[in-house]
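Data file: final.cif. Format and content: mmCIF, C-alpha atoms and all ligand atoms.
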```cif
data_start
#
loop_
_atom_site.label_atom_id
_atom_site.label_comp_id
_atom_site.auth_asym_id
_atom_site.auth_seq_id
_atom_site.Cartn_x
_atom_site.Cartn_y
_atom_site.Cartn_z
CA MET A 1 0.00 0.00 0.00
CA LYS A 2 1.37 3.44 -0.91
CA THR A 3 1.32 5.71 2.10
CA TYR A 4 0.79 9.46 1.96
CA LEU A 5 1.95 12.12 4.38
CA PHE A 6 -0.72 14.79 4.68
CA SER A 7 1.10 16.00 7.79
CA PRO A 8 2.96 19.32 8.20
CA GLY A 9 6.39 17.69 8.01
CA PRO A 10 8.02 15.34 7.34
CA VAL A 11 6.69 15.43 3.79
CA MET A 12 6.69 13.35 0.61
CA VAL A 13 9.79 14.10 -1.48
CA GLU A 14 10.27 14.17 -5.25
CA GLU A 15 12.32 11.33 -6.76
CA PRO A 16 15.45 13.43 -7.56
CA VAL A 17 15.53 14.51 -3.91
CA ARG A 18 15.44 10.89 -2.76
CA GLN A 19 18.08 9.88 -5.33
CA SER A 20 20.39 12.68 -4.21
CA LEU A 21 20.98 10.75 -0.97
CA LEU A 22 22.97 8.21 -2.98
CA HIS A 23 25.69 10.73 -3.81
CA TYR A 24 29.19 9.32 -3.30
CA ASP A 25 30.78 10.16 0.04
CA ILE A 26 32.54 13.49 0.44
CA CYS A 27 34.27 15.25 3.32
CA HIS A 28 32.86 18.51 4.63
CA ARG A 29 36.37 19.99 4.69
CA SER A 30 36.75 19.73 0.93
CA PRO A 31 36.43 22.03 -2.08
CA GLU A 32 33.57 19.88 -3.35
CA PHE A 33 31.54 20.50 -0.21
CA GLU A 34 32.40 24.20 -0.26
CA GLU A 35 31.20 24.56 -3.83
CA MET A 36 27.95 22.76 -3.12
CA PHE A 37 27.36 24.72 0.13
CA ALA A 38 27.99 28.05 -1.63
CA GLY A 39 25.35 27.08 -4.21
CA VAL A 40 22.88 26.12 -1.48
CA GLN A 41 23.44 29.48 0.24
CA GLU A 42 22.63 31.35 -2.97
CA LYS A 43 19.50 29.27 -3.53
CA ILE A 44 18.25 29.87 0.03
CA LEU A 45 18.46 33.61 -0.63
CA ARG A 46 16.29 33.12 -3.74
CA LEU A 47 13.80 31.09 -1.69
CA PHE A 48 13.34 34.04 0.67
CA GLU A 49 13.31 36.53 -2.25
CA ALA A 50 16.30 38.26 -0.64
CA ASP A 51 18.63 40.78 -2.26
CA ASP A 52 22.41 40.85 -1.93
CA SER A 53 22.26 42.56 1.47
CA TYR A 54 21.26 39.15 2.92
CA TYR A 55 23.34 36.08 3.77
CA ALA A 56 22.33 32.46 4.44
CA VAL A 57 23.77 29.70 6.61
CA VAL A 58 22.72 26.09 7.15
CA VAL A 59 22.40 24.44 10.58
CA SER A 60 22.29 20.65 10.89
CA GLY A 61 19.22 20.19 13.03
CA SER A 62 15.47 20.68 13.08
CA GLY A 63 13.58 23.97 12.89
CA THR A 64 14.02 24.65 16.58
CA SER A 65 17.79 24.51 16.10
CA ALA A 66 17.69 27.36 13.57
CA ASN A 67 15.42 29.44 15.81
CA GLU A 68 17.65 28.78 18.79
CA THR A 69 20.77 29.61 16.75
CA CYS A 70 19.35 33.07 16.10
CA LEU A 71 17.70 33.85 19.43
CA SER A 72 20.61 32.62 21.57
CA THR A 73 23.06 34.86 19.71
CA VAL A 74 21.53 38.19 18.72
CA PHE A 75 20.71 39.73 22.11
CA ARG A 76 23.23 41.76 24.07
CA ASP A 77 22.94 42.38 27.82
CA GLY A 78 20.17 44.91 28.43
CA ASP A 79 18.33 44.17 25.18
CA GLU A 80 14.67 43.21 25.27
CA ALA A 81 12.41 41.36 22.85
CA LEU A 82 8.81 41.77 21.77
CA LEU A 83 7.16 38.45 20.93
CA ILE A 84 3.89 37.90 19.10
CA ASN A 85 2.60 34.54 20.32
CA ASN A 86 -0.62 33.03 19.02
CA GLY A 87 0.05 29.31 19.01
CA GLU A 88 2.27 26.35 19.80
CA PHE A 89 5.23 27.68 17.84
CA GLY A 90 4.91 31.14 19.33
CA ASN A 91 5.12 29.30 22.65
CA ARG A 92 8.28 27.59 21.42
CA LEU A 93 9.90 30.95 20.63
CA GLN A 94 8.87 32.17 24.08
CA GLU A 95 10.47 29.11 25.66
CA ILE A 96 13.74 29.82 23.84
CA LEU A 97 13.74 33.50 24.83
CA GLU A 98 13.06 32.54 28.45
CA LYS A 99 15.76 29.88 28.44
CA TYR A 100 18.34 32.46 27.32
CA ASN A 101 17.05 35.05 29.82
CA VAL A 102 15.96 37.60 27.26
CA PRO A 103 13.45 39.99 28.90
CA THR A 104 10.41 39.62 26.65
CA HIS A 105 7.19 41.60 26.19
CA VAL A 106 4.58 39.19 24.89
CA VAL A 107 1.55 40.03 22.78
CA ALA A 108 -0.62 36.96 23.18
CA PRO A 109 -4.04 37.25 21.59
CA GLY A 110 -4.64 33.52 22.14
CA TRP A 111 -4.40 30.62 19.72
CA ALA A 112 -6.15 31.20 16.39
CA ASN A 113 -6.63 34.89 17.13
CA THR A 114 -5.12 37.67 15.06
CA VAL A 115 -2.61 40.07 16.57
CA ASP A 116 -3.68 43.58 17.55
CA LEU A 117 -1.14 45.86 15.87
CA ASN A 118 -2.03 48.74 18.22
CA GLU A 119 -0.89 46.60 21.12
CA VAL A 120 2.39 45.91 19.34
CA GLU A 121 2.92 49.59 18.62
CA ALA A 122 2.11 50.60 22.21
CA LEU A 123 4.74 48.19 23.54
CA LEU A 124 7.31 49.48 21.07
CA LYS A 125 6.65 53.02 22.27
CA ALA A 126 6.75 52.08 25.95
CA HIS A 127 9.89 49.92 25.89
CA PRO A 128 12.79 51.49 24.01
CA LYS A 129 15.14 48.64 24.98
CA ILE A 130 13.30 46.28 22.65
CA THR A 131 15.73 45.41 19.86
CA TYR A 132 13.83 42.62 18.09
CA ILE A 133 10.23 41.85 17.24
CA CYS A 134 9.83 38.06 17.00
CA MET A 135 6.97 36.29 15.26
CA VAL A 136 5.99 33.07 13.49
CA PHE A 137 5.07 33.60 9.82
CA HIS A 138 2.78 30.58 9.53
CA GLU A 139 1.57 29.41 12.94
CA THR A 140 1.39 25.71 12.04
CA SER A 141 -0.60 24.72 15.13
CA THR A 142 -3.63 26.60 13.78
CA GLY A 143 -2.68 27.11 10.12
CA MET A 144 -2.87 30.89 10.49
CA ILE A 145 -0.74 33.34 8.49
CA ASN A 146 0.42 36.20 10.69
CA PRO A 147 0.66 39.74 9.24
CA ALA A 148 4.35 39.85 8.35
CA HIS A 149 4.07 42.96 6.24
CA ALA A 150 2.22 45.06 8.82
CA VAL A 151 4.51 43.98 11.66
CA GLY A 152 7.56 44.53 9.45
CA GLU A 153 6.38 48.07 8.76
CA LEU A 154 6.17 48.69 12.51
CA ALA A 155 9.67 47.26 12.97
CA ALA A 156 10.98 49.61 10.29
CA LYS A 157 9.09 52.60 11.71
CA TYR A 158 10.56 52.08 15.19
CA GLY A 159 14.05 51.02 14.04
CA LYS A 160 13.73 47.47 15.39
CA ARG A 161 15.04 44.23 13.93
CA PHE A 162 12.39 41.73 12.80
CA PHE A 163 12.94 38.00 13.40
CA VAL A 164 10.49 35.63 11.73
CA ASP A 165 10.19 31.86 12.16
CA CYS A 166 9.36 30.75 8.61
CA VAL A 167 9.79 27.05 9.41
CA SER A 168 6.44 26.05 7.89
CA ALA A 169 6.21 28.93 5.43
CA ALA A 170 9.28 29.05 3.17
CA ALA A 171 8.45 27.55 -0.26
CA GLY A 172 4.76 27.57 0.66
CA GLU A 173 4.22 31.33 0.92
CA HIS A 174 6.05 34.33 -0.50
CA ILE A 175 8.33 35.38 2.37
CA ASP A 176 9.64 38.43 0.52
CA VAL A 177 12.12 39.45 3.20
CA VAL A 178 12.89 42.80 1.55
CA LYS A 179 9.31 44.00 1.17
CA ASN A 180 8.35 42.69 4.62
CA HIS A 181 11.36 44.28 6.37
CA ILE A 182 12.45 40.88 7.72
CA ASP A 183 16.00 41.05 9.12
CA LEU A 184 16.42 37.46 10.20
CA CYS A 185 14.41 34.34 9.46
CA THR A 186 14.61 30.56 9.55
CA SER A 187 13.23 27.52 7.82
CA VAL A 188 13.86 23.82 7.19
CA GLY A 189 14.21 21.27 4.43
CA GLY A 190 11.50 18.91 5.62
CA LYS A 191 8.36 21.00 5.18
CA CYS A 192 7.15 23.11 2.23
CA LEU A 193 10.52 22.86 0.45
CA GLY A 194 10.15 19.09 0.10
CA ALA A 195 13.51 17.84 1.42
CA TYR A 196 14.17 15.85 4.60
CA PRO A 197 14.03 16.82 8.28
CA GLY A 198 17.44 17.57 9.79
CA SER A 199 18.48 20.54 7.63
CA ALA A 200 17.60 23.96 8.95
CA TYR A 201 18.72 27.31 7.60
CA VAL A 202 18.90 30.97 8.50
CA CYS A 203 18.62 33.93 6.14
CA GLY A 204 19.44 37.36 7.50
CA LYS A 205 20.81 40.81 6.79
CA GLU A 206 24.53 40.41 6.38
CA ASP A 207 25.35 43.58 8.35
CA LEU A 208 23.48 42.08 11.30
CA MET A 209 25.39 38.78 11.11
CA ALA A 210 28.74 40.46 10.55
CA ALA A 211 28.26 42.57 13.70
CA LEU A 212 27.86 39.48 15.91
CA SER A 213 30.76 38.01 17.84
CA PRO A 214 30.96 34.33 18.84
CA GLU A 215 31.09 35.46 22.50
CA MET A 216 27.57 36.88 22.18
CA GLY A 217 26.31 33.36 21.56
CA LYS A 218 25.12 31.56 24.68
CA ASN A 219 25.17 28.18 23.01
CA VAL A 220 28.24 26.35 21.74
CA TYR A 221 26.74 24.53 18.76
CA LEU A 222 23.87 26.87 17.88
CA ASN A 223 25.92 30.01 17.49
CA LEU A 224 24.95 32.30 14.63
CA ALA A 225 28.22 34.25 14.72
CA LYS A 226 30.29 31.06 14.41
CA HIS A 227 28.12 29.79 11.56
CA TYR A 228 28.35 33.11 9.73
CA GLN A 229 32.09 33.54 10.19
CA MET A 230 32.92 30.02 9.07
CA ALA A 231 30.61 30.18 6.06
CA LYS A 232 31.99 33.57 5.09
CA LYS A 233 35.59 32.43 5.45
CA CYS A 234 35.38 29.20 3.46
CA HIS A 235 31.77 27.99 2.88
CA GLN A 236 32.04 25.44 5.63
CA THR A 237 30.23 24.86 8.91
CA PRO A 238 31.75 25.17 12.39
CA ASN A 239 30.98 21.53 13.28
CA THR A 240 30.52 18.34 11.28
CA PRO A 241 27.31 18.86 9.29
CA ASN A 242 24.87 16.24 7.97
CA VAL A 243 26.66 16.23 4.60
CA THR A 244 24.27 13.77 2.96
CA LEU A 245 21.25 15.93 3.72
CA PHE A 246 22.93 18.90 2.05
CA TRP A 247 22.60 17.08 -1.28
CA ALA A 248 18.90 16.58 -0.63
CA LEU A 249 18.47 20.22 0.38
CA ASP A 250 20.27 21.25 -2.81
CA ALA A 251 18.09 18.98 -4.97
CA ALA A 252 14.88 20.25 -3.34
CA LEU A 253 15.97 23.86 -3.85
CA ASP A 254 16.68 23.10 -7.53
CA TRP A 255 13.28 21.48 -7.90
CA THR A 256 11.46 24.33 -6.21
CA LEU A 257 13.29 27.25 -7.77
CA ASP A 258 14.07 25.97 -11.27
CA ARG A 259 11.95 22.95 -12.12
CA GLU A 260 8.63 24.00 -10.60
CA GLY A 261 9.43 27.66 -9.92
CA LEU A 262 8.56 29.33 -6.61
CA ASP A 263 5.38 30.86 -8.09
CA GLY A 264 4.43 27.50 -9.60
CA ARG A 265 4.96 25.66 -6.35
CA ILE A 266 2.94 28.16 -4.35
CA ALA A 267 0.17 28.02 -6.99
CA ARG A 268 0.12 24.20 -6.74
CA TYR A 269 -0.16 24.42 -2.97
CA GLN A 270 -3.06 26.86 -3.32
CA THR A 271 -4.80 24.55 -5.80
CA CYS A 272 -4.36 21.54 -3.51
CA ALA A 273 -5.58 23.45 -0.45
CA LYS A 274 -8.67 24.60 -2.36
CA ILE A 275 -9.51 21.06 -3.46
CA LEU A 276 -9.16 19.81 0.11
CA ARG A 277 -11.12 22.70 1.63
CA ASP A 278 -13.94 22.59 -0.92
CA GLY A 279 -14.22 18.82 -0.45
CA MET A 280 -14.29 19.04 3.33
CA LYS A 281 -16.87 21.83 3.25
CA GLU A 282 -19.04 19.65 1.03
CA MET A 283 -18.83 16.97 3.73
CA GLY A 284 -20.14 19.52 6.22
CA LEU A 285 -16.90 19.78 8.21
CA ARG A 286 -16.15 22.99 10.10
CA PHE A 287 -12.79 24.81 9.97
CA LEU A 288 -10.96 26.46 12.85
CA LEU A 289 -10.18 29.61 10.84
CA PRO A 290 -11.90 31.72 8.20
CA GLU A 291 -10.35 30.73 4.87
CA GLU A 292 -8.76 34.14 4.28
CA GLN A 293 -6.58 33.65 7.39
CA MET A 294 -5.38 30.19 6.37
CA SER A 295 -1.97 29.34 4.96
CA ASN A 296 -1.56 27.64 1.58
CA THR A 297 -0.61 24.35 3.20
CA VAL A 298 -2.38 23.60 6.50
CA THR A 299 -6.10 23.23 7.21
CA SER A 300 -7.42 22.74 10.75
CA VAL A 301 -10.73 20.90 10.78
CA PHE A 302 -13.18 19.74 13.45
CA LEU A 303 -14.48 16.18 13.24
CA PRO A 304 -18.25 15.62 13.39
CA GLU A 305 -19.75 15.52 16.89
CA GLY A 306 -18.81 12.31 18.73
CA ARG A 307 -15.94 11.22 16.43
CA ASP A 308 -12.80 10.74 18.50
CA VAL A 309 -9.68 12.27 16.96
CA THR A 310 -7.22 9.61 18.18
CA ALA A 311 -9.30 6.82 16.65
CA PHE A 312 -9.80 8.86 13.47
CA VAL A 313 -6.05 9.50 13.02
CA ALA A 314 -5.40 5.76 13.50
CA ASP A 315 -8.12 4.83 10.98
CA MET A 316 -6.66 7.24 8.41
CA ALA A 317 -3.18 5.81 9.01
CA ASN A 318 -4.50 2.28 8.48
CA SER A 319 -5.80 3.45 5.10
CA GLY A 320 -2.36 4.88 4.28
CA TYR A 321 -2.92 8.55 5.10
CA THR A 322 -1.07 10.39 7.86
CA VAL A 323 -2.85 13.39 9.35
CA TYR A 324 -2.22 15.13 12.67
CA ALA A 325 -4.45 15.39 15.70
CA GLY A 326 -4.93 18.99 16.83
CA LYS A 327 -2.59 20.35 19.48
CA GLY A 328 -3.39 21.77 22.90
CA LYS A 329 -7.07 22.44 23.59
CA TYR A 330 -7.95 21.54 19.99
CA PHE A 331 -7.08 17.93 20.69
CA ASP A 332 -9.90 17.80 23.25
CA MET A 333 -12.19 19.41 20.68
CA ASN A 334 -11.46 16.56 18.20
CA MET A 335 -9.76 18.81 15.68
CA PHE A 336 -7.34 17.40 13.12
CA GLN A 337 -4.92 19.02 10.74
CA VAL A 338 -4.39 18.16 7.11
CA ALA A 339 -1.35 19.52 5.31
CA ASN A 340 -0.58 19.67 1.62
CA MET A 341 3.18 20.16 1.77
CA GLY A 342 5.81 18.50 -0.40
CA ALA A 343 5.11 16.16 -3.33
CA ILE A 344 1.32 16.18 -3.05
CA TYR A 345 -0.69 16.87 -6.19
CA PRO A 346 -4.37 17.57 -6.96
CA ASP A 347 -5.14 13.90 -7.72
CA ASP A 348 -3.66 12.90 -4.35
CA CYS A 349 -5.97 15.41 -2.67
CA LYS A 350 -9.01 13.96 -4.45
CA LYS A 351 -8.05 10.46 -3.30
CA PHE A 352 -7.51 11.80 0.21
CA LEU A 353 -11.06 13.17 0.24
CA GLU A 354 -12.50 9.78 -0.75
CA VAL A 355 -10.68 8.11 2.15
CA LEU A 356 -11.65 10.90 4.53
CA ARG A 357 -15.31 10.53 3.58
CA SER A 358 -15.17 6.87 4.57
CA HIS A 359 -13.73 7.64 8.00
CA ILE A 360 -15.77 10.54 9.33
C1 LIG B 401 6.35 27.28 12.68
C2 LIG B 401 7.21 26.23 13.32
N1 LIG B 401 8.26 26.62 14.05
C3 LIG B 401 9.07 25.74 14.65
C4 LIG B 401 8.85 24.39 14.51
C5 LIG B 401 9.76 23.44 15.22
O1 LIG B 401 10.44 22.72 14.28
P1 LIG B 401 11.15 21.32 14.64
O2 LIG B 401 10.11 20.41 15.16
O3 LIG B 401 11.67 20.93 13.28
O4 LIG B 401 12.22 21.63 15.60
C6 LIG B 401 7.78 23.92 13.76
C7 LIG B 401 7.51 22.49 13.61
O5 LIG B 401 6.53 22.05 13.09
C8 LIG B 401 6.94 24.87 13.15
O6 LIG B 401 5.89 24.48 12.41
#
```
Encoding of this model in structure tokens:
Amino acid sequence: MKTYLFSPGPVMVEEPVRQSLLHYDICHRSPEFEEMFAGVQEKILRLFEADDSYYAVVVSGSGTSANETCLSTVFRDGDEALLINNGEFGNRLQEILEKYNVPTHVVAPGWANTVDLNEVEALLKAHPKITYICMVFHETSTGMINPAHAVGELAAKYGKRFFVDCVSAAAGEHIDVVKNHIDLCTSVGGKCLGAYPGSAYVCGKEDLMAALSPEMGKNVYLNLAKHYQMAKKCHQTPNTPNVTLFWALDAALDWTLDREGLDGRIARYQTCAKILRDGMKEMGLRFLLPEEQMSNTVTSVFLPEGRDVTAFVADMANSGYTVYAGKGKYFDMNMFQVANMGAIYPDDCKKFLEVLRSHI
């Protein structure tokens, strides 16, 4: 039985991405690695629609490792952060900021609620020591897109840096770091880009990265200054990276940027999401969010009254389809999440709907 991942990472990969894992063995301290890494860095900038004032590095780890690399390095003593938190991954950023003792002003409208920009602006006015606004682009736990452009405008207006967790957004949404005034952002291979988990990356303004010193980092491995300086010096990483996964990241970037095209990929994701959403509406299922707030790749859906989400997820898995149970309070409300990330096409979505119909 062919199995399908309709989960928000890991995702189904295209065949050239899978085949890339069979590359012959190379050392990460070699010209061959350096050449490949330099190419990957350039492609990551294209993924974020960055200009040449940005620089990219790759961290061997999951999405949290890239977020922690940034947030454990960029704050100096006395700096404060403003965090917009409206879901599980906002919570995760808060946990990181707390762990590294960064005084943080939190705007927390609650899960699945939109942020009040007046509240953000009032905090910026009241707390001049805030140096960074931090936010999740696509809050995966609800499927909501946060207002990157509006928050970026506020960051620019008040002379603040803007950090955005784009872990579940890059390659699924236009990140447009320049237009959205994003100074520093992160993502991973194993979600909308269609590579494997274990490769994370950071894209940020080069002046920002160049001004960091390794001593500012409070973490030995996840140190943005060390990553930047090593990459800049010789297109290598400070520690031994997951070399094999770099080939897969490279192949997925080629597929996304050149074979499918970023616009084409995003359009496919929108088409797939529409098929899924129209089909689920026809079945009478209710969504967590109004459709205009939803991302291109995640839909949060309530099961019919009385249908238990744990049993439903198991039944779907037995039919070959992986979906997620809702997180936090949504689990108790029998909500599930269906994602259309990676190598999922319209026909797959139609088949998914047939299976779903038989299990609700
Ligand atoms: C928006 C967002 N941020 C951070 C993470 C954490 O990533 P990881 O589980 O790869 O560490 C996730 C994972 O799904 C996510 O969706």
Non-local contacts of Val355 (chain A) (10 Å; only C-alpha atoms; under 5 positions in same chain excluded) as a list in words: Asp315, Met316, Ser319, Gly320, Tyr321, Cys349, Lys350 and Ile360 of chain A
Nearest-residue call for ligand LIG 401 (chain B), choices A:Pro109, A:Pro103, A:Gly198, A:Pro290, using only C-alpha atoms and all ligand atoms: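 Nearest candidate to ligand LIG 401 (chain B) out of A:Pro109, A:Pro103, A:Gly198, A:Pro290: A:Gly198.
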Find the residues near region 240-255 of chain A: any atom within 9 Å, counting all atoms listed in the file, skip ones fewer than 4 places away on the same chain, and give them as a JSON list (two decimals) with C-alpha atoms, in the coordinates of the input.
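Output (around-v7.json):
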```
[["chain", "number", "residue", "atom", "x", "y", "z"],
["A", 13, "VAL", "CA", 9.79, 14.10, -1.48],
["A", 14, "GLU", "CA", 10.27, 14.17, -5.25],
["A", 16, "PRO", "CA", 15.45, 13.43, -7.56],
["A", 17, "VAL", "CA", 15.53, 14.51, -3.91],
["A", 18, "ARG", "CA", 15.44, 10.89, -2.76],
["A", 19, "GLN", "CA", 18.08, 9.88, -5.33],
["A", 20, "SER", "CA", 20.39, 12.68, -4.21],
["A", 21, "LEU", "CA", 20.98, 10.75, -0.97],
["A", 22, "LEU", "CA", 22.97, 8.21, -2.98],
["A", 23, "HIS", "CA", 25.69, 10.73, -3.81],
["A", 25, "ASP", "CA", 30.78, 10.16, 0.04],
["A", 26, "ILE", "CA", 32.54, 13.49, 0.44],
["A", 27, "CYS", "CA", 34.27, 15.25, 3.32],
["A", 28, "HIS", "CA", 32.86, 18.51, 4.63],
["A", 29, "ARG", "CA", 36.37, 19.99, 4.69],
["A", 33, "PHE", "CA", 31.54, 20.50, -0.21],
["A", 36, "MET", "CA", 27.95, 22.76, -3.12],
["A", 37, "PHE", "CA", 27.36, 24.72, 0.13],
["A", 39, "GLY", "CA", 25.35, 27.08, -4.21],
["A", 40, "VAL", "CA", 22.88, 26.12, -1.48],
["A", 43, "LYS", "CA", 19.50, 29.27, -3.53],
["A", 44, "ILE", "CA", 18.25, 29.87, 0.03],
["A", 47, "LEU", "CA", 13.80, 31.09, -1.69],
["A", 58, "VAL", "CA", 22.72, 26.09, 7.15],
["A", 59, "VAL", "CA", 22.40, 24.44, 10.58],
["A", 60, "SER", "CA", 22.29, 20.65, 10.89],
["A", 61, "GLY", "CA", 19.22, 20.19, 13.03],
["A", 188, "VAL", "CA", 13.86, 23.82, 7.19],
["A", 189, "GLY", "CA", 14.21, 21.27, 4.43],
["A", 190, "GLY", "CA", 11.50, 18.91, 5.62],
["A", 193, "LEU", "CA", 10.52, 22.86, 0.45],
["A", 194, "GLY", "CA", 10.15, 19.09, 0.10],
["A", 195, "ALA", "CA", 13.51, 17.84, 1.42],
["A", 196, "TYR", "CA", 14.17, 15.85, 4.60],
["A", 197, "PRO", "CA", 14.03, 16.82, 8.28],
["A", 198, "GLY", "CA", 17.44, 17.57, 9.79],
["A", 199, "SER", "CA", 18.48, 20.54, 7.63],
["A", 236, "GLN", "CA", 32.04, 25.44, 5.63],
["A", 259, "ARG", "CA", 11.95, 22.95, -12.12],
["A", 260, "GLU", "CA", 8.63, 24.00, -10.60],
["A", 261, "GLY", "CA", 9.43, 27.66, -9.92]]
```
Residue nearest Gly284 (chain A) - candidates A:Gly328, A:Pro31, A:His174, A:Arg357, atoms counted: all atoms listed in the file: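 Checking each candidate against Gly284 (chain A), we get A:Arg357 as the closest.
From CA of His227 (chain A) back to CA of Ala56 (chain A), the distance works out to 9.6 Å.
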Protein and nucleic residues near ligand LIG 401 (chain B), 9 Å, only C-alpha atoms and all ligand atoms, as a PyMOL selection string: chain A and resi 8-10+61-67+88-90+92-93+136-141+165-169+186-188+190-191+197-200
Residue selection dump (C-alpha atoms) as a PDB file, in the coordinates of the input:
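Dumped everything to result.pdb:
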```pdb
ATOM      1  CA  PRO A   8       2.960  19.320   8.200  1.00  0.00           C
ATOM      2  CA  GLY A   9       6.390  17.690   8.010  1.00  0.00           C
ATOM      3  CA  PRO A  10       8.020  15.340   7.340  1.00  0.00           C
ATOM      4  CA  GLY A  61      19.220  20.190  13.030  1.00  0.00           C
ATOM      5  CA  SER A  62      15.470  20.680  13.080  1.00  0.00           C
ATOM      6  CA  GLY A  63      13.580  23.970  12.890  1.00  0.00           C
ATOM      7  CA  THR A  64      14.020  24.650  16.580  1.00  0.00           C
ATOM      8  CA  SER A  65      17.790  24.510  16.100  1.00  0.00           C
ATOM      9  CA  ALA A  66      17.690  27.360  13.570  1.00  0.00           C
ATOM     10  CA  ASN A  67      15.420  29.440  15.810  1.00  0.00           C
ATOM     11  CA  GLU A  88       2.270  26.350  19.800  1.00  0.00           C
ATOM     12  CA  PHE A  89       5.230  27.680  17.840  1.00  0.00           C
ATOM     13  CA  GLY A  90       4.910  31.140  19.330  1.00  0.00           C
ATOM     14  CA  ARG A  92       8.280  27.590  21.420  1.00  0.00           C
ATOM     15  CA  LEU A  93       9.900  30.950  20.630  1.00  0.00           C
ATOM     16  CA  VAL A 136       5.990  33.070  13.490  1.00  0.00           C
ATOM     17  CA  PHE A 137       5.070  33.600   9.820  1.00  0.00           C
ATOM     18  CA  HIS A 138       2.780  30.580   9.530  1.00  0.00           C
ATOM     19  CA  GLU A 139       1.570  29.410  12.940  1.00  0.00           C
ATOM     20  CA  THR A 140       1.390  25.710  12.040  1.00  0.00           C
ATOM     21  CA  SER A 141      -0.600  24.720  15.130  1.00  0.00           C
ATOM     22  CA  ASP A 165      10.190  31.860  12.160  1.00  0.00           C
ATOM     23  CA  CYS A 166       9.360  30.750   8.610  1.00  0.00           C
ATOM     24  CA  VAL A 167       9.790  27.050   9.410  1.00  0.00           C
ATOM     25  CA  SER A 168       6.440  26.050   7.890  1.00  0.00           C
ATOM     26  CA  ALA A 169       6.210  28.930   5.430  1.00  0.00           C
ATOM     27  CA  THR A 186      14.610  30.560   9.550  1.00  0.00           C
ATOM     28  CA  SER A 187      13.230  27.520   7.820  1.00  0.00           C
ATOM     29  CA  VAL A 188      13.860  23.820   7.190  1.00  0.00           C
ATOM     30  CA  GLY A 190      11.500  18.910   5.620  1.00  0.00           C
ATOM     31  CA  LYS A 191       8.360  21.000   5.180  1.00  0.00           C
ATOM     32  CA  PRO A 197      14.030  16.820   8.280  1.00  0.00           C
ATOM     33  CA  GLY A 198      17.440  17.570   9.790  1.00  0.00           C
ATOM     34  CA  SER A 199      18.480  20.540   7.630  1.00  0.00           C
ATOM     35  CA  ALA A 200      17.600  23.960   8.950  1.00  0.00           C
TER      36      ALA A 200
END
```
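Surrounding residues of (-6.6, 29.6, -0.7) at most 10 Å away are Ala267, Tyr269, Gln270, Thr271, Cys272, Ala273, Lys274, Ile275, Arg277, Glu291, Glu292, Gln293, Met294, Ser295, Asn296 and Thr297 of chain A (based on all atoms listed in the file).
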Can I get the selected residues back with C-alpha atoms, as an mmCIF file, in the coordinates of the input?
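Produced file out05.cif, reproduced below:
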```cif
data_model
loop_
_atom_site.group_PDB
_atom_site.id
_atom_site.type_symbol
_atom_site.label_atom_id
_atom_site.label_comp_id
_atom_site.auth_asym_id
_atom_site.auth_seq_id
_atom_site.Cartn_x
_atom_site.Cartn_y
_atom_site.Cartn_z
ATOM 1 C CA ALA A 267 0.170 28.020 -6.990
ATOM 2 C CA TYR A 269 -0.160 24.420 -2.970
ATOM 3 C CA GLN A 270 -3.060 26.860 -3.320
ATOM 4 C CA THR A 271 -4.800 24.550 -5.800
ATOM 5 C CA CYS A 272 -4.360 21.540 -3.510
ATOM 6 C CA ALA A 273 -5.580 23.450 -0.450
ATOM 7 C CA LYS A 274 -8.670 24.600 -2.360
ATOM 8 C CA ILE A 275 -9.510 21.060 -3.460
ATOM 9 C CA ARG A 277 -11.120 22.700 1.630
ATOM 10 C CA GLU A 291 -10.350 30.730 4.870
ATOM 11 C CA GLU A 292 -8.760 34.140 4.280
ATOM 12 C CA GLN A 293 -6.580 33.650 7.390
ATOM 13 C CA MET A 294 -5.380 30.190 6.370
ATOM 14 C CA SER A 295 -1.970 29.340 4.960
ATOM 15 C CA ASN A 296 -1.560 27.640 1.580
ATOM 16 C CA THR A 297 -0.610 24.350 3.200
#
```
Interatomic distance, CA of Gly78 (chain A) to CA of Gln94 (chain A) (Å, one decimal): 17.6 Å
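If you count all atoms listed in the file and ignore residues fewer than 6 places along the chain from Ala150 (chain A), what sits within 12 Å of it is A:Val115, A:Asp116, A:Leu117, A:Asn118, A:Val120, A:Glu121, A:Met135, A:Phe137, A:Ala156, A:Lys157, A:Phe162, A:Lys179, A:Asn180, A:His181, A:Ile182.
Distances here use all atoms listed in the file; by that measure, the residue among A:Asp77, A:Glu35, A:Asp348, A:Asp176 closest to Glu215 (chain A) is A:Asp77.
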Selection near Leu303 (chain A), 10 Å with all atoms listed in the file, sequence-local residues under 5 positions removed, as a list in words: Gly284, Leu285, Arg286, Phe287, Asp308, Val309, Phe312, Met333, Asn334, Met335, Phe336 and Ile360 of chain A
Could you dump the residues just selected with C-alpha atoms as a JSON list (two decimals), keeping the file's coordinate frame?
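Below you can see out.json, which holds the result:
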```json
[["chain", "number", "residue", "atom", "x", "y", "z"],
["A", 284, "GLY", "CA", -20.14, 19.52, 6.22],
["A", 285, "LEU", "CA", -16.90, 19.78, 8.21],
["A", 286, "ARG", "CA", -16.15, 22.99, 10.10],
["A", 287, "PHE", "CA", -12.79, 24.81, 9.97],
["A", 308, "ASP", "CA", -12.80, 10.74, 18.50],
["A", 309, "VAL", "CA", -9.68, 12.27, 16.96],
["A", 312, "PHE", "CA", -9.80, 8.86, 13.47],
["A", 333, "MET", "CA", -12.19, 19.41, 20.68],
["A", 334, "ASN", "CA", -11.46, 16.56, 18.20],
["A", 335, "MET", "CA", -9.76, 18.81, 15.68],
["A", 336, "PHE", "CA", -7.34, 17.40, 13.12],
["A", 360, "ILE", "CA", -15.77, 10.54, 9.33]]
```
